[in-house]
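Visitor: Sharing a structure below in structure tokens format, with a few things to ask.
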Amino acid sequence: MDTVHNIIKSITDMGATAILPIIITVLGLVFRMKIGNAIKSGLLVGVGFLGLTLVVGLLNSSLKPAVDYYAKIGSGFTIADIGWPAVGAASWVPPFAALAIPLGLIINLVLVRLRWTKTLNVDIWNYMHFLIPGALAYFLFDSFWLGLVVTLVMSVIALFVGDLIASKWQEYFGLEGTTCTTIIYSAWGYPIAWLVNRIIDFIPGLNKLEFSLSKINKKIGVLGDPVIIGFIVGLVLGAITKRPVTEIVTMATGIAGVMVLMPKVVGVMMDGLSPIGKSAKDFMIKRMGNNSNLNVGMDIALGLGDPTTITTTVVSIPIVMLLALILPGVQFFPIGLLMSVTYISVMCTLTSKGNLFRSIVSTVVFCIITFYLAGFVAPGATQMLNSAGVELKGLGTDVTFSEIWNLLIYWVSTLVK
């Protein structure tokens, strides 16, 4: 078991940029693509994801001066926001982790064959989102089987949610043949954003507000262009946080660069995914009839190329930082959470159908909910992290612990102790 665990852990540790070309190439061959075309598709997807990683890193580094500024003026925070990388690493410590991916893939293939789902999840590096609640259950209840079952149940839920949002995902982002299986956003972020939108529907005035980038462009011309919006947001954020002029310009240019580069690197990914999607569709129709279809389950990052999503991110981040300082009962400054706003905004923009106002409100509401739920689960999260070898001096938490299933696992554990 240790050998299998080490092999799988070594593979996942390579990251999406290394795993994706292999997975996509193999899928292409399974779906009867020519070997040269399959390899090309795999490499394009891998290169595109590498570009996404670099652009997200550019956004984080551009915003770092503002984050540092707000972190220094905050006080009274008793919980550390450790960020998802440490939590993701800890999720692979439980002894059942080595079984999670092969069993999850087998279950997925069986469900596709039975036509119970149309989603084929290749988002292997994000199995951490299935393993985190499984690891939490394992360490809190000291049960191998409970941890494994929770992990596999989460992997199945991701498939059915992928089916549910596939048409909306493809229609809004134009990502034909794909869906999202990053469960923290698809099965948790989507319902929150949906509820926010339904509430806005009942508020006179706000429910008529159609605030989209396309309409802004028509009304104010070049000033509504994403690159200009990004630059202006950077200037304003830099001025508010009292940065030197040279630093302000660097921030503004960095954010403007993200607005331009993000859609382009997503385009590279789609150049690789589109042939795979077509081959998968033809493969399924040939073997399971004209009514069959197959959607490739992918990382939430695939939706980052949308200009409204990027704008939502850069506008929401300073709002979230400010709210962390002024809202009562917030126990941690969201340094790790701010790294995730980029991805949170994807599902919020999708649910809001590109309405910028609703997208920002949904993203901010999601973060506010995270403030309190991640803080509530912090004792259980800390126990899990310490047991997995992540040494914390006090309490620690992360956005991934704010999901309703982690909340329920922790709550039940407090009842049985």
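Residue numbers start at 1 in each chain; chains themselves are named A, B, ... in the order of the structure tokens; ligands are numbered from 1 in the order shown.
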Give me, as an MDAnalysis selection string, the residues of stretch 232-374 of chain A that a backbone DSSP run labels strand (DSSP E or B).

Guide: chainID A and resid 295:298

Visitor: Residues at most 9 Å from stretch 264-278 of chain A, counting only C-alpha atoms, excluding those fewer than 5 positions away in the same chain, as a count of residues only?

Guide: 36

Visitor: Which residue is closest to A:Val341? Choose from A:Ala135, A:Gly354, A:Met154, A:Thr370 and count only C-alpha atoms.

Guide: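 Nearest candidate to A:Val341 out of A:Ala135, A:Gly354, A:Met154, A:Thr370: A:Thr370.
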
Visitor: For A:Gly88, find every residue with an atom within 12 Å (counting only C-alpha atoms), except residues of its own chain fewer than 5 positions away, and show them as a PyMOL selection string.

Guide: chain A and resi 9+12-13+15+82-83+93-94+97+125-136+384-385+388+390+398-401

Visitor: Just checking: using only C-alpha atoms, which residue out of A:Ala66, A:Ile35, A:Ile326, A:Ile335 ends up closest to A:Glu247?

Guide: A:Ala66
